[in-house]
Amino acid sequence: MTTDPLVERMRPFGTTIFTEMSALAVRTGSINLGQGFPDTDGPAEMLEAAARAVREGAGLANQYPPLPGIPALRAAIADHERRFWSLPRDPDTEVVVTAGATEAIAAAILALCERDDEVVTFEPYYDSYAASITLAGAVRRPVTLRPGPDGRYGFDEGELRAAFGPRTRLVLLNSPHNPTGKVFTAAELALIAELSQEHNTYAVTDEVYEHLVFTDAAEPHVPLASLPGMRERTLRISSAGKTFSCTGWKVGWATGPAPLVSALMRVKQFLTFVNAGPLQPAVAVALGLPDTYFTGFRDQLQARRDHLTAGLTEAGFTVQPSEGTYFVTADITPLGGTDGITFCRELPERCGVVAVPTQVFYDHQEAGRHLIRFAFCKRESVIDEAAQRLTKLGS
Ligand code: PMP
Ligand code: GLN
């Protein structure tokens with residue numbers, strides 16, 4: 001018996017940075033701009049529908065929903081996907097509801113990857129990617145995103161081409177991208193699509209920030225699945241958490257061609273089986289809200305991004321422009337920082353604010369050592385106070 005009962009392949013994964021930093025915020029009474037969760041509730045119609053379903057479940061809403069999700073939510077997901085992305089889906093065979101995007105990502109990878117298959121993804125990556133790939137016994141092939149001269153993140157075409165090979169099983173793409181706030185351009189997506197088809201791989205796209213692309217982004221968000229030749233090989237994943245400010249509900253979904261959705265579901269049924277029965281009808285209501293909800297939410301987040309970006313710049317950081325998501329990254333070098341982990345661990349003591357070091361989201365950690373991430377999905381007054389506190393850093 002070894003002293004650590006955890007299987008060997010998971011030992012490199014400690015407590016997630018989000019858990020560590022949120023605990024640090026609580027312990028030090030700091031403003032938490034680390035973990036990405038809003039500090040206000042989502043649309044009233046959605047909250048009311050959930051309360052109603054819990055109260056009036058009549059023995060159904062509070063019991064197991066069907067494995068693929070309740071029909072009303074699957075229909076709403078299909079309608080939403082046609083309305084915003086012109087992607088028609090059959091709600092009976094091409095849609096599955098999951099326990100957040102996290103379960104959809106894990107189930108997709110576990111369903112599609114044999115041991116030693118390779119997954120091409122971009123670093124910094126959302127932390128569950130590395131863990132899910134490892135759980136599947138697969139191998140990640142990360143391509144590094146680096147800030148260019150204008151501060152926007154990009155990647156080297158040669159590096160992406162080199163990442164694809166005979167063992168590549170799928171490409172896992174997150175756009176709009178956490179933590180960089182990057183929205184992949186049409187040219188970048190075309191290259192990914194070309195390589196994916198050349199190497200005959202699947203694609204899994206994480207689009208949880210699909211509605212958070214700011215009006216000054218270089219280009220609009222385009223789902224990879226909508227590119228020629230990609231629909232039949234792509235599982236598209238999203239979640240209610242970010243769009244409707246309900247990260248604790250963990251209602252996500254995946255859409256795609258029936259064989260891929262079926263494969264994901266066959267794994268998913270042994271992970272959670274189902275979840276969030278009474279929340280499913282409420283998310284169906286939210287997905288059907290008028291366009292003004294979606295644009296209004298984006299505008300609100302954009303104003304908060306601007307507010308925080310100005311505060312960070314004033315405090316002395318070099319800020320990488322964010323085109324979408326809940327997040328903005330900043331370079332700590334001008335403030336004398338050299339290591340984001342140390343910087344973030346000391347930040348509460350220095351000024352009562354918590355951020356997340358992005359280097360933990362890289363295999364090539366040196367590429368992100370000087371970068372940290374701030375979440376701006378917080379009330380204006382909270383961002384104001386954080387900006388005020390951060391000015392102490394320069395003094
Ligand atoms: N992907 C990305 C890029 C995220 O930022 C997050 C965090 N919400 C998730 C997936 C997980 O989503 P969920 O909470 O719906 O599982
Ligand atoms: N997605 C959120 C973030 O990036 C947090 C998710 C989590 O805590 N696992 O901050």
# chains A, B, ... in the order shown; residues from 1 in each chain; ligands from 1
>>> select_by_dssp(residues="range 141-256 of chain A", states="alpha helix (DSSP H)", output="PyMOL selection string")
chain A and resi 157-163+186-198+240-243
>>> closest_atom_pairs(of="chain A", to="ligand 1", cutoff="9 Å", atoms="only C-alpha atoms and all ligand atoms", output="tab-separated table")
residue	atom	partner	partner_atom_place_in_ligand_line	distance
A:Gln35	CA	ligand 1	7 (C)	8.8
A:Gly36	CA	ligand 1	7 (C)	7.0
A:Phe37	CA	ligand 1	8 (N)	7.9
A:Thr98	CA	ligand 1	15 (O)	8.6
A:Ala99	CA	ligand 1	16 (O)	6.7
A:Gly100	CA	ligand 1	15 (O)	3.4
A:Ala101	CA	ligand 1	15 (O)	3.9
A:Thr102	CA	ligand 1	16 (O)	3.7
A:Glu103	CA	ligand 1	16 (O)	6.4
A:Ala104	CA	ligand 1	16 (O)	7.9
A:Ile105	CA	ligand 1	10 (C)	7.7
A:Tyr125	CA	ligand 1	3 (C)	7.8
A:Tyr126	CA	ligand 1	3 (C)	5.4
A:Asp127	CA	ligand 1	2 (C)	8.5
A:Ser128	CA	ligand 1	10 (C)	7.7
A:Tyr129	CA	ligand 1	1 (N)	8.5
A:Asn174	CA	ligand 1	3 (C)	6.0
A:Ser175	CA	ligand 1	3 (C)	7.8
A:Pro176	CA	ligand 1	3 (C)	7.9
A:His177	CA	ligand 1	3 (C)	6.3
A:Asn178	CA	ligand 1	3 (C)	4.9
A:Pro179	CA	ligand 1	5 (O)	7.5
A:Asp206	CA	ligand 1	1 (N)	5.8
A:Glu207	CA	ligand 1	3 (C)	7.2
A:Val208	CA	ligand 1	1 (N)	5.9
A:Tyr209	CA	ligand 1	3 (C)	7.4
A:Ile237	CA	ligand 1	10 (C)	8.6
A:Ser238	CA	ligand 1	15 (O)	7.1
A:Ser239	CA	ligand 1	15 (O)	4.7
A:Ala240	CA	ligand 1	15 (O)	6.6
A:Gly241	CA	ligand 1	15 (O)	5.3
A:Lys242	CA	ligand 1	8 (N)	6.5
A:Cys246	CA	ligand 1	14 (O)	8.7
A:Thr247	CA	ligand 1	14 (O)	5.4
A:Gly248	CA	ligand 1	14 (O)	7.2
A:Trp249	CA	ligand 1	14 (O)	8.0
A:Lys250	CA	ligand 1	15 (O)	5.1
A:Val251	CA	ligand 1	15 (O)	6.1
A:Gly252	CA	ligand 1	15 (O)	5.3
A:Trp253	CA	ligand 1	15 (O)	8.5
A:Thr325	CA	ligand 1	5 (O)	8.1
A:Tyr326	CA	ligand 1	5 (O)	8.4
>>> residues_around(residues="range 139-150 of chain A", least_positions_apart="5", cutoff="8 Å", atoms="only C-alpha atoms", output="PDB file with all heavy atoms, in the first residue's frame")
ATOM      1  N   ASP A 116      -3.821   6.566 -24.605  1.00  0.00           N
ATOM      2  CA  ASP A 116      -2.711   7.097 -25.421  1.00  0.00           C
ATOM      3  C   ASP A 116      -3.141   7.880 -26.663  1.00  0.00           C
ATOM      4  O   ASP A 116      -2.293   8.343 -27.423  1.00  0.00           O
ATOM      5  CB  ASP A 116      -1.720   5.991 -25.843  1.00  0.00           C
ATOM      6  CG  ASP A 116      -1.088   5.323 -24.632  1.00  0.00           C
ATOM      7  OD1 ASP A 116      -0.922   6.020 -23.610  1.00  0.00           O
ATOM      8  OD2 ASP A 116      -0.786   4.113 -24.696  1.00  0.00           O
ATOM      9  N   ASP A 117      -4.448   8.015 -26.872  1.00  0.00           N
ATOM     10  CA  ASP A 117      -4.882   8.940 -27.930  1.00  0.00           C
ATOM     11  C   ASP A 117      -4.470  10.355 -27.525  1.00  0.00           C
ATOM     12  O   ASP A 117      -4.332  10.651 -26.330  1.00  0.00           O
ATOM     13  CB  ASP A 117      -6.415   8.908 -28.077  1.00  0.00           C
ATOM     14  CG  ASP A 117      -6.868   7.754 -28.963  1.00  0.00           C
ATOM     15  OD1 ASP A 117      -6.013   7.069 -29.548  1.00  0.00           O
ATOM     16  OD2 ASP A 117      -8.098   7.539 -29.052  1.00  0.00           O
ATOM     17  N   GLU A 118      -4.325  11.215 -28.527  1.00  0.00           N
ATOM     18  CA  GLU A 118      -3.885  12.583 -28.218  1.00  0.00           C
ATOM     19  C   GLU A 118      -5.007  13.602 -28.436  1.00  0.00           C
ATOM     20  O   GLU A 118      -5.808  13.470 -29.360  1.00  0.00           O
ATOM     21  CB  GLU A 118      -2.675  12.940 -29.087  1.00  0.00           C
ATOM     22  CG  GLU A 118      -1.478  12.069 -28.720  1.00  0.00           C
ATOM     23  CD  GLU A 118      -0.224  12.365 -29.524  1.00  0.00           C
ATOM     24  OE1 GLU A 118      -0.253  13.267 -30.387  1.00  0.00           O
ATOM     25  OE2 GLU A 118       0.780  11.669 -29.291  1.00  0.00           O
ATOM     26  N   VAL A 119      -5.004  14.594 -27.555  1.00  0.00           N
ATOM     27  CA  VAL A 119      -5.990  15.667 -27.611  1.00  0.00           C
ATOM     28  C   VAL A 119      -5.252  16.985 -27.815  1.00  0.00           C
ATOM     29  O   VAL A 119      -4.432  17.376 -26.979  1.00  0.00           O
ATOM     30  CB  VAL A 119      -6.814  15.724 -26.300  1.00  0.00           C
ATOM     31  CG1 VAL A 119      -7.799  16.886 -26.338  1.00  0.00           C
ATOM     32  CG2 VAL A 119      -7.539  14.405 -26.064  1.00  0.00           C
ATOM     33  N   VAL A 120      -5.527  17.645 -28.933  1.00  0.00           N
ATOM     34  CA  VAL A 120      -4.914  18.951 -29.181  1.00  0.00           C
ATOM     35  C   VAL A 120      -5.779  20.006 -28.514  1.00  0.00           C
ATOM     36  O   VAL A 120      -7.003  20.031 -28.696  1.00  0.00           O
ATOM     37  CB  VAL A 120      -4.814  19.239 -30.697  1.00  0.00           C
ATOM     38  CG1 VAL A 120      -4.346  20.670 -30.950  1.00  0.00           C
ATOM     39  CG2 VAL A 120      -3.874  18.239 -31.371  1.00  0.00           C
ATOM     40  N   THR A 121      -5.153  20.861 -27.721  1.00  0.00           N
ATOM     41  CA  THR A 121      -5.903  21.944 -27.088  1.00  0.00           C
ATOM     42  C   THR A 121      -4.986  23.157 -26.972  1.00  0.00           C
ATOM     43  O   THR A 121      -3.822  23.101 -27.388  1.00  0.00           O
ATOM     44  CB  THR A 121      -6.486  21.487 -25.728  1.00  0.00           C
ATOM     45  OG1 THR A 121      -7.426  22.464 -25.276  1.00  0.00           O
ATOM     46  CG2 THR A 121      -5.434  21.266 -24.677  1.00  0.00           C
ATOM     47  N   PHE A 122      -5.514  24.267 -26.494  1.00  0.00           N
ATOM     48  CA  PHE A 122      -4.698  25.477 -26.377  1.00  0.00           C
ATOM     49  C   PHE A 122      -4.445  25.762 -24.903  1.00  0.00           C
ATOM     50  O   PHE A 122      -5.335  25.602 -24.075  1.00  0.00           O
ATOM     51  CB  PHE A 122      -5.416  26.661 -27.036  1.00  0.00           C
ATOM     52  CG  PHE A 122      -5.537  26.510 -28.522  1.00  0.00           C
ATOM     53  CD1 PHE A 122      -6.622  25.846 -29.082  1.00  0.00           C
ATOM     54  CD2 PHE A 122      -4.544  26.989 -29.361  1.00  0.00           C
ATOM     55  CE1 PHE A 122      -6.719  25.668 -30.458  1.00  0.00           C
ATOM     56  CE2 PHE A 122      -4.625  26.815 -30.737  1.00  0.00           C
ATOM     57  CZ  PHE A 122      -5.716  26.153 -31.286  1.00  0.00           C
ATOM     58  N   GLU A 123      -3.209  26.163 -24.598  1.00  0.00           N
ATOM     59  CA  GLU A 123      -2.926  26.576 -23.224  1.00  0.00           C
ATOM     60  C   GLU A 123      -2.759  28.089 -23.194  1.00  0.00           C
ATOM     61  O   GLU A 123      -2.294  28.649 -24.201  1.00  0.00           O
ATOM     62  CB  GLU A 123      -1.659  25.874 -22.690  1.00  0.00           C
ATOM     63  CG  GLU A 123      -0.392  26.224 -23.444  1.00  0.00           C
ATOM     64  CD  GLU A 123       0.869  25.571 -22.861  1.00  0.00           C
ATOM     65  OE1 GLU A 123       0.778  24.713 -21.985  1.00  0.00           O
ATOM     66  OE2 GLU A 123       1.949  25.959 -23.333  1.00  0.00           O
ATOM     67  N   PRO A 124      -3.124  28.792 -22.121  1.00  0.00           N
ATOM     68  CA  PRO A 124      -3.694  28.244 -20.900  1.00  0.00           C
ATOM     69  C   PRO A 124      -5.061  27.599 -21.161  1.00  0.00           C
ATOM     70  O   PRO A 124      -5.849  28.110 -21.924  1.00  0.00           O
ATOM     71  CB  PRO A 124      -3.831  29.477 -20.003  1.00  0.00           C
ATOM     72  CG  PRO A 124      -3.912  30.654 -20.934  1.00  0.00           C
ATOM     73  CD  PRO A 124      -3.054  30.287 -22.083  1.00  0.00           C
ATOM     74  N   ALA A 130      -7.239  19.173 -18.562  1.00  0.00           N
ATOM     75  CA  ALA A 130      -6.074  18.329 -18.293  1.00  0.00           C
ATOM     76  C   ALA A 130      -6.489  17.113 -17.464  1.00  0.00           C
ATOM     77  O   ALA A 130      -6.067  15.986 -17.732  1.00  0.00           O
ATOM     78  CB  ALA A 130      -5.002  19.135 -17.570  1.00  0.00           C
ATOM     79  N   ILE A 133      -8.612  14.601 -19.598  1.00  0.00           N
ATOM     80  CA  ILE A 133      -7.759  13.894 -20.571  1.00  0.00           C
ATOM     81  C   ILE A 133      -6.955  12.819 -19.838  1.00  0.00           C
ATOM     82  O   ILE A 133      -6.837  11.673 -20.291  1.00  0.00           O
ATOM     83  CB  ILE A 133      -6.836  14.908 -21.296  1.00  0.00           C
ATOM     84  CG1 ILE A 133      -7.673  15.830 -22.199  1.00  0.00           C
ATOM     85  CG2 ILE A 133      -5.755  14.193 -22.105  1.00  0.00           C
ATOM     86  CD1 ILE A 133      -6.938  17.079 -22.700  1.00  0.00           C
ATOM     87  N   THR A 134      -6.435  13.174 -18.668  1.00  0.00           N
ATOM     88  CA  THR A 134      -5.645  12.228 -17.878  1.00  0.00           C
ATOM     89  C   THR A 134      -6.514  11.066 -17.381  1.00  0.00           C
ATOM     90  O   THR A 134      -6.093   9.906 -17.420  1.00  0.00           O
ATOM     91  CB  THR A 134      -4.990  12.967 -16.694  1.00  0.00           C
ATOM     92  OG1 THR A 134      -4.160  13.988 -17.235  1.00  0.00           O
ATOM     93  CG2 THR A 134      -4.170  12.030 -15.828  1.00  0.00           C
ATOM     94  N   PHE A 155      -1.566  32.333 -31.629  1.00  0.00           N
ATOM     95  CA  PHE A 155      -0.710  31.145 -31.579  1.00  0.00           C
ATOM     96  C   PHE A 155       0.059  31.039 -32.878  1.00  0.00           C
ATOM     97  O   PHE A 155      -0.284  31.686 -33.881  1.00  0.00           O
ATOM     98  CB  PHE A 155      -1.540  29.878 -31.316  1.00  0.00           C
ATOM     99  CG  PHE A 155      -2.585  29.594 -32.358  1.00  0.00           C
ATOM    100  CD1 PHE A 155      -2.296  28.838 -33.488  1.00  0.00           C
ATOM    101  CD2 PHE A 155      -3.877  30.096 -32.214  1.00  0.00           C
ATOM    102  CE1 PHE A 155      -3.259  28.588 -34.454  1.00  0.00           C
ATOM    103  CE2 PHE A 155      -4.853  29.850 -33.185  1.00  0.00           C
ATOM    104  CZ  PHE A 155      -4.541  29.101 -34.308  1.00  0.00           C
ATOM    105  N   ASP A 156       1.070  30.205 -32.857  1.00  0.00           N
ATOM    106  CA  ASP A 156       1.921  30.010 -34.019  1.00  0.00           C
ATOM    107  C   ASP A 156       1.334  28.874 -34.880  1.00  0.00           C
ATOM    108  O   ASP A 156       1.090  27.777 -34.372  1.00  0.00           O
ATOM    109  CB  ASP A 156       3.326  29.640 -33.511  1.00  0.00           C
ATOM    110  CG  ASP A 156       4.269  29.405 -34.650  1.00  0.00           C
ATOM    111  OD1 ASP A 156       4.604  30.374 -35.337  1.00  0.00           O
ATOM    112  OD2 ASP A 156       4.637  28.218 -34.872  1.00  0.00           O
ATOM    113  N   GLU A 159       3.197  25.670 -34.825  1.00  0.00           N
ATOM    114  CA  GLU A 159       3.047  24.922 -33.568  1.00  0.00           C
ATOM    115  C   GLU A 159       1.747  24.102 -33.585  1.00  0.00           C
ATOM    116  O   GLU A 159       1.706  22.955 -33.132  1.00  0.00           O
ATOM    117  CB  GLU A 159       3.016  25.921 -32.409  1.00  0.00           C
ATOM    118  CG  GLU A 159       3.715  25.459 -31.151  1.00  0.00           C
ATOM    119  CD  GLU A 159       3.587  26.495 -30.036  1.00  0.00           C
ATOM    120  OE1 GLU A 159       4.137  27.605 -30.173  1.00  0.00           O
ATOM    121  OE2 GLU A 159       2.934  26.186 -29.037  1.00  0.00           O
ATOM    122  N   LEU A 160       0.695  24.715 -34.132  1.00  0.00           N
ATOM    123  CA  LEU A 160      -0.578  23.979 -34.202  1.00  0.00           C
ATOM    124  C   LEU A 160      -0.452  22.802 -35.181  1.00  0.00           C
ATOM    125  O   LEU A 160      -0.872  21.682 -34.871  1.00  0.00           O
ATOM    126  CB  LEU A 160      -1.721  24.906 -34.630  1.00  0.00           C
ATOM    127  CG  LEU A 160      -3.092  24.216 -34.705  1.00  0.00           C
ATOM    128  CD1 LEU A 160      -3.541  23.729 -33.320  1.00  0.00           C
ATOM    129  CD2 LEU A 160      -4.147  25.149 -35.292  1.00  0.00           C
ATOM    130  N   ALA A 163       1.292  19.980 -33.659  1.00  0.00           N
ATOM    131  CA  ALA A 163       0.603  19.294 -32.557  1.00  0.00           C
ATOM    132  C   ALA A 163      -0.267  18.149 -33.075  1.00  0.00           C
ATOM    133  O   ALA A 163      -0.569  17.203 -32.350  1.00  0.00           O
ATOM    134  CB  ALA A 163      -0.254  20.292 -31.776  1.00  0.00           C
ATOM    135  N   GLN A 320      -3.860  42.810 -20.766  1.00  0.00           N
ATOM    136  CA  GLN A 320      -4.100  42.225 -22.086  1.00  0.00           C
ATOM    137  C   GLN A 320      -5.578  42.443 -22.406  1.00  0.00           C
ATOM    138  O   GLN A 320      -6.432  42.025 -21.615  1.00  0.00           O
ATOM    139  CB  GLN A 320      -3.827  40.712 -22.061  1.00  0.00           C
ATOM    140  CG  GLN A 320      -2.432  40.322 -22.471  1.00  0.00           C
ATOM    141  CD  GLN A 320      -1.394  40.700 -21.439  1.00  0.00           C
ATOM    142  OE1 GLN A 320      -1.552  40.408 -20.275  1.00  0.00           O
ATOM    143  NE2 GLN A 320      -0.325  41.342 -21.856  1.00  0.00           N
ATOM    144  N   TYR A 362      -1.047  26.056 -17.753  1.00  0.00           N
ATOM    145  CA  TYR A 362      -0.119  25.767 -18.848  1.00  0.00           C
ATOM    146  C   TYR A 362       0.679  24.498 -18.544  1.00  0.00           C
ATOM    147  O   TYR A 362       1.042  24.259 -17.392  1.00  0.00           O
ATOM    148  CB  TYR A 362       0.936  26.874 -18.982  1.00  0.00           C
ATOM    149  CG  TYR A 362       0.468  28.240 -19.418  1.00  0.00           C
ATOM    150  CD1 TYR A 362      -0.147  29.097 -18.510  1.00  0.00           C
ATOM    151  CD2 TYR A 362       0.694  28.695 -20.711  1.00  0.00           C
ATOM    152  CE1 TYR A 362      -0.534  30.377 -18.890  1.00  0.00           C
ATOM    153  CE2 TYR A 362       0.311  29.965 -21.098  1.00  0.00           C
ATOM    154  CZ  TYR A 362      -0.306  30.804 -20.187  1.00  0.00           C
ATOM    155  OH  TYR A 362      -0.672  32.065 -20.560  1.00  0.00           O
ATOM    156  N   ASP A 363       1.035  23.753 -19.604  1.00  0.00           N
ATOM    157  CA  ASP A 363       2.085  22.738 -19.453  1.00  0.00           C
ATOM    158  C   ASP A 363       3.437  23.434 -19.487  1.00  0.00           C
ATOM    159  O   ASP A 363       4.354  23.059 -18.761  1.00  0.00           O
ATOM    160  CB  ASP A 363       2.024  21.719 -20.593  1.00  0.00           C
ATOM    161  CG  ASP A 363       0.894  20.714 -20.384  1.00  0.00           C
ATOM    162  OD1 ASP A 363       0.068  20.946 -19.480  1.00  0.00           O
ATOM    163  OD2 ASP A 363       0.847  19.720 -21.126  1.00  0.00           O
ATOM    164  N   HIS A 364       3.552  24.447 -20.379  1.00  0.00           N
ATOM    165  CA  HIS A 364       4.790  25.225 -20.473  1.00  0.00           C
ATOM    166  C   HIS A 364       4.621  26.439 -19.561  1.00  0.00           C
ATOM    167  O   HIS A 364       4.253  27.529 -20.014  1.00  0.00           O
ATOM    168  CB  HIS A 364       5.033  25.649 -21.924  1.00  0.00           C
ATOM    169  CG  HIS A 364       5.002  24.492 -22.875  1.00  0.00           C
ATOM    170  ND1 HIS A 364       3.874  24.136 -23.595  1.00  0.00           N
ATOM    171  CD2 HIS A 364       5.953  23.580 -23.190  1.00  0.00           C
ATOM    172  CE1 HIS A 364       4.137  23.066 -24.322  1.00  0.00           C
ATOM    173  NE2 HIS A 364       5.394  22.694 -24.102  1.00  0.00           N
ATOM    174  N   ALA A 367       5.542  30.234 -19.969  1.00  0.00           N
ATOM    175  CA  ALA A 367       4.789  31.130 -20.866  1.00  0.00           C
ATOM    176  C   ALA A 367       3.771  31.975 -20.097  1.00  0.00           C
ATOM    177  O   ALA A 367       3.372  33.035 -20.562  1.00  0.00           O
ATOM    178  CB  ALA A 367       4.090  30.324 -21.957  1.00  0.00           C
TER     179      ALA A 367
END
>>> closest_atom_pairs(of="range 56-136 of chain A", to="range 281-288 of chain A", cutoff="10 Å", atoms="only C-alpha atoms", output="JSON lines")
{"residue": "A:Ala61", "atom": "CA", "partner": "A:Pro281", "partner_atom": "CA", "distance": 8.5}
{"residue": "A:Gly69", "atom": "CA", "partner": "A:Pro281", "partner_atom": "CA", "distance": 9.7}
{"residue": "A:Ile70", "atom": "CA", "partner": "A:Pro281", "partner_atom": "CA", "distance": 7.6}
{"residue": "A:Pro71", "atom": "CA", "partner": "A:Pro281", "partner_atom": "CA", "distance": 9.1}
{"residue": "A:Ala72", "atom": "CA", "partner": "A:Ala284", "partner_atom": "CA", "distance": 6.4}
{"residue": "A:Leu73", "atom": "CA", "partner": "A:Ala284", "partner_atom": "CA", "distance": 4.6}
{"residue": "A:Arg74", "atom": "CA", "partner": "A:Ala284", "partner_atom": "CA", "distance": 7.9}
{"residue": "A:Ala75", "atom": "CA", "partner": "A:Ala284", "partner_atom": "CA", "distance": 8.0}
{"residue": "A:Ala76", "atom": "CA", "partner": "A:Ala284", "partner_atom": "CA", "distance": 5.3}
{"residue": "A:Ile77", "atom": "CA", "partner": "A:Leu287", "partner_atom": "CA", "distance": 7.0}
{"residue": "A:Ala78", "atom": "CA", "partner": "A:Leu287", "partner_atom": "CA", "distance": 9.8}
{"residue": "A:Asp79", "atom": "CA", "partner": "A:Gly288", "partner_atom": "CA", "distance": 8.1}
{"residue": "A:His80", "atom": "CA", "partner": "A:Leu287", "partner_atom": "CA", "distance": 6.3}
{"residue": "A:Glu81", "atom": "CA", "partner": "A:Leu287", "partner_atom": "CA", "distance": 9.6}
{"residue": "A:Arg83", "atom": "CA", "partner": "A:Gly288", "partner_atom": "CA", "distance": 9.8}
>>> closest_residue(among="A:Asp4, A:Glu20, A:Asp92, A:Glu198", to="ligand 2", atoms="only C-alpha atoms and all ligand atoms")
A:Glu20
>>> closest_residue(among="A:Gly151, A:Pro257, A:Pro38, A:Pro66", to="ligand 2", atoms="only C-alpha atoms and all ligand atoms")
A:Pro38
>>> residues_around(residues="range 328-345 of chain A", least_positions_apart="6", cutoff="6 Å", atoms="only C-alpha atoms", output="NGL selection string")
:A and (180 or 317-320 or 322 or 355 or 357 or 369-374)
>>> residues_around(residues="Leu189 in chain A", least_positions_apart="4", cutoff="9 Å", atoms="only C-alpha atoms", output="number ranges by chain")
A: 184-185, 193-194, 222-224, 227
>>> write_last_selection(atoms="all heavy atoms", output="mmCIF file, in the first residue's frame")
data_model
loop_
_atom_site.group_PDB
_atom_site.id
_atom_site.type_symbol
_atom_site.label_atom_id
_atom_site.label_comp_id
_atom_site.auth_asym_id
_atom_site.auth_seq_id
_atom_site.Cartn_x
_atom_site.Cartn_y
_atom_site.Cartn_z
ATOM 1 N N PHE A 184 -11.540 33.342 -30.857
ATOM 2 C CA PHE A 184 -10.801 32.822 -32.016
ATOM 3 C C PHE A 184 -11.379 33.414 -33.301
ATOM 4 O O PHE A 184 -12.593 33.515 -33.460
ATOM 5 C CB PHE A 184 -10.843 31.281 -32.042
ATOM 6 C CG PHE A 184 -9.848 30.660 -31.088
ATOM 7 C CD1 PHE A 184 -10.026 30.765 -29.718
ATOM 8 C CD2 PHE A 184 -8.714 30.003 -31.558
ATOM 9 C CE1 PHE A 184 -9.102 30.212 -28.825
ATOM 10 C CE2 PHE A 184 -7.786 29.441 -30.680
ATOM 11 C CZ PHE A 184 -7.977 29.554 -29.307
ATOM 12 N N THR A 185 -10.481 33.807 -34.213
ATOM 13 C CA THR A 185 -10.910 34.478 -35.446
ATOM 14 C C THR A 185 -11.326 33.450 -36.495
ATOM 15 O O THR A 185 -11.002 32.255 -36.386
ATOM 16 C CB THR A 185 -9.757 35.313 -36.029
ATOM 17 O OG1 THR A 185 -8.700 34.421 -36.414
ATOM 18 C CG2 THR A 185 -9.234 36.327 -35.030
ATOM 19 N N ALA A 193 -10.146 23.788 -38.453
ATOM 20 C CA ALA A 193 -11.054 22.912 -39.223
ATOM 21 C C ALA A 193 -10.266 22.138 -40.284
ATOM 22 O O ALA A 193 -10.475 20.933 -40.475
ATOM 23 C CB ALA A 193 -12.155 23.750 -39.868
ATOM 24 N N GLU A 194 -9.354 22.825 -40.939
ATOM 25 C CA GLU A 194 -8.551 22.163 -41.995
ATOM 26 C C GLU A 194 -7.743 21.009 -41.395
ATOM 27 O O GLU A 194 -7.749 19.888 -41.915
ATOM 28 C CB GLU A 194 -7.611 23.214 -42.614
ATOM 29 C CG GLU A 194 -6.640 22.676 -43.648
ATOM 30 C CD GLU A 194 -5.445 23.621 -43.840
ATOM 31 O OE1 GLU A 194 -5.649 24.846 -43.945
ATOM 32 O OE2 GLU A 194 -4.298 23.103 -43.858
ATOM 33 N N VAL A 222 -17.876 32.559 -33.712
ATOM 34 C CA VAL A 222 -18.429 31.614 -34.691
ATOM 35 C C VAL A 222 -18.198 30.199 -34.155
ATOM 36 O O VAL A 222 -17.061 29.842 -33.847
ATOM 37 C CB VAL A 222 -17.718 31.757 -36.062
ATOM 38 C CG1 VAL A 222 -18.231 30.710 -37.050
ATOM 39 C CG2 VAL A 222 -17.899 33.157 -36.624
ATOM 40 N N PRO A 223 -19.246 29.394 -33.998
ATOM 41 C CA PRO A 223 -19.020 28.012 -33.557
ATOM 42 C C PRO A 223 -18.233 27.231 -34.614
ATOM 43 O O PRO A 223 -18.561 27.298 -35.801
ATOM 44 C CB PRO A 223 -20.436 27.437 -33.418
ATOM 45 C CG PRO A 223 -21.341 28.613 -33.326
ATOM 46 C CD PRO A 223 -20.690 29.706 -34.125
ATOM 47 N N LEU A 224 -17.236 26.487 -34.174
ATOM 48 C CA LEU A 224 -16.445 25.662 -35.101
ATOM 49 C C LEU A 224 -17.361 24.710 -35.883
ATOM 50 O O LEU A 224 -17.125 24.418 -37.055
ATOM 51 C CB LEU A 224 -15.387 24.881 -34.310
ATOM 52 C CG LEU A 224 -14.384 24.065 -35.111
ATOM 53 C CD1 LEU A 224 -13.453 24.971 -35.923
ATOM 54 C CD2 LEU A 224 -13.552 23.160 -34.187
ATOM 55 N N LEU A 227 -18.549 25.553 -39.464
ATOM 56 C CA LEU A 227 -17.647 25.604 -40.625
ATOM 57 C C LEU A 227 -17.864 24.377 -41.516
ATOM 58 O O LEU A 227 -18.221 23.304 -41.014
ATOM 59 C CB LEU A 227 -16.178 25.661 -40.156
ATOM 60 C CG LEU A 227 -15.624 27.084 -39.961
ATOM 61 C CD1 LEU A 227 -16.300 27.783 -38.806
ATOM 62 C CD2 LEU A 227 -14.113 27.044 -39.752
#
>>> residues_around(residues="Ile383 in chain A", least_positions_apart="2", cutoff="9 Å", atoms="only C-alpha atoms", output="count of residues only")
16
>>> closest_residue(among="A:Val213, A:Ala49, A:Ala263, A:Leu135", to="Arg305 in chain A", atoms="only C-alpha atoms")
A:Val213
>>> atom_distance(atom1="CA of Asp384 in chain A", atom2="CA of Ser245 in chain A")
20.4 Å
>>> closest_residue(among="A:Leu47, A:Leu172, A:Leu264, A:Met21", to="Leu67 in chain A", atoms="only C-alpha atoms")
A:Leu264
>>> residues_around(residues="Arg236 in chain A", least_positions_apart="5", cutoff="7 Å", atoms="only C-alpha atoms", output="list in words")
Val204, Thr205, Asp206, Ala254, Thr255 and Gly256 of chain A
>>> select_by_dssp(residues="range 108-234 of chain A", states="strand (DSSP E or B)", output="ChimeraX atom specification")
/A:118-123,139-144,146-147,153-154,168-174,202-206,213,234
>>> closest_residue(among="A:Pro290, A:Arg89, A:Ala25, A:Thr16", to="Ala131 in chain A", atoms="only C-alpha atoms")
A:Thr16
